[in-house]
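Step one of this worksheet: look at the structure below.
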Amino acid sequence: MRTHPIQWRAAINEGIAAAKANLIPGALLIFCGILLVVGYYQVEAVRNTLDWVGELQKRFGPAFAIPSTAFFGGVLPLVFRRVFLKESSRWQDYLFQSLFWGEKGLEVYFFYKMQAALFGHSATWQSILPKVLVDQLIYVPLVAVPSMVLGYLWKACGYSIADTRAALLRRSYWERSIPVMISNWGVWTPAVIIIYTFPLALQLPLENLILTIWVMLVILLTRERRAA
């Protein structure tokens, strides 16, 4: 389906508006990420704790990545919505998000390993910069955003393929994905810079942790705005 130029502009403007709306939680997220970096490299207790998590990731590999990402990316957001927004979820939603984010855990696990093999393991800008560019300019638009937009649209349509197709006819994939992509770049570009400063074994666990912090901030701030 061809998209009218005005719709393209509207989608871009929607993405910019979403990025602006995320400035405060995004800034808090980056602040938490910087604290993690400083803590890991300067505080022995923090380093020992994170290294212990990293050892679990190294020891179990995908068997650690899948359930941990399913929990932090899938189950925990629903629990937070239940607690803070009083929004109930169907058992199908828990199943979908657990499977969706579990697969994401496996996907990102191998993606980070590929990045390390291609660009090295060091925390230098020569290693971090190409990883960030591949992450945000290739992985995000070609893999992360399409799966997120289509997967969550399918969920919103009651897991009906027919209803999902009808929704895409009403509003095209590009109109849906461009705002998500722009908003993602605004928040997650600095976040992945932080992630890639850590050793490979810690990158996926930290991605999960940052994802959880992000969800918590968005839910809490949304709740405050609704209560105002």
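Quick note on naming: the chains in the structure tokens go A, B, ... in the order shown, residues restart at 1 in each chain, and ligands are numbered from 1 in order of appearance.
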
message: DSSP on the backbone, alpha helix (DSSP H) only: what residues of stretch 34-160 of chain A does that give? Format it as a ChimeraX atom specification.
response: /A:34-42,44-60,62-69,76-84,91-119,125-134,145-156

Counting only C-alpha atoms, give me one row per residue of stretch 176-196 of chain A with an atom at most 12 Å from an atom of stretch 100-114 of chain A, showing the shortest contact pair and its distance in Å to one decimal, sorted by chain then residue number, as a Markdown table.
| residue | atom | partner | partner_atom | distance |
| --- | --- | --- | --- | --- |
| A:Val192 | CA | A:Tyr112 | CA | 11.0 |
| A:Ile195 | CA | A:Tyr112 | CA | 10.2 |
| A:Tyr196 | CA | A:Tyr112 | CA | 9.0 |

- request: Go through A:Asn208, A:Gln115, A:Asn13, A:Gln126 and flag the residue nearest A:Gly74, using only C-alpha atoms for the distances.
  value: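 The answer is A:Asn208, which sits nearest to A:Gly74.
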
- request: Excluding stretch 135-140 of chain A and any residue of its chain fewer than 2 positions from it, enumerate the residues within 12 Å of it, using only C-alpha atoms, and give them as a PyMOL selection string.
  value: chain A and resi 107-108+111-112+114-115+128-133+142-149+177-178+180-193+195-196

task: Excluding A:Ala201 and any residue of its chain fewer than 3 positions from it, enumerate the residues within 8 Å of it, using only C-alpha atoms, and give them as a PyMOL selection string.
output: chain A and resi 54-55+57-58+204-205

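Candidate residues A:Trp125, A:Ala156, A:Gly120, A:Leu211 were compared for distance to A:Gln92, and the nearest is A:Ala156, using only C-alpha atoms.
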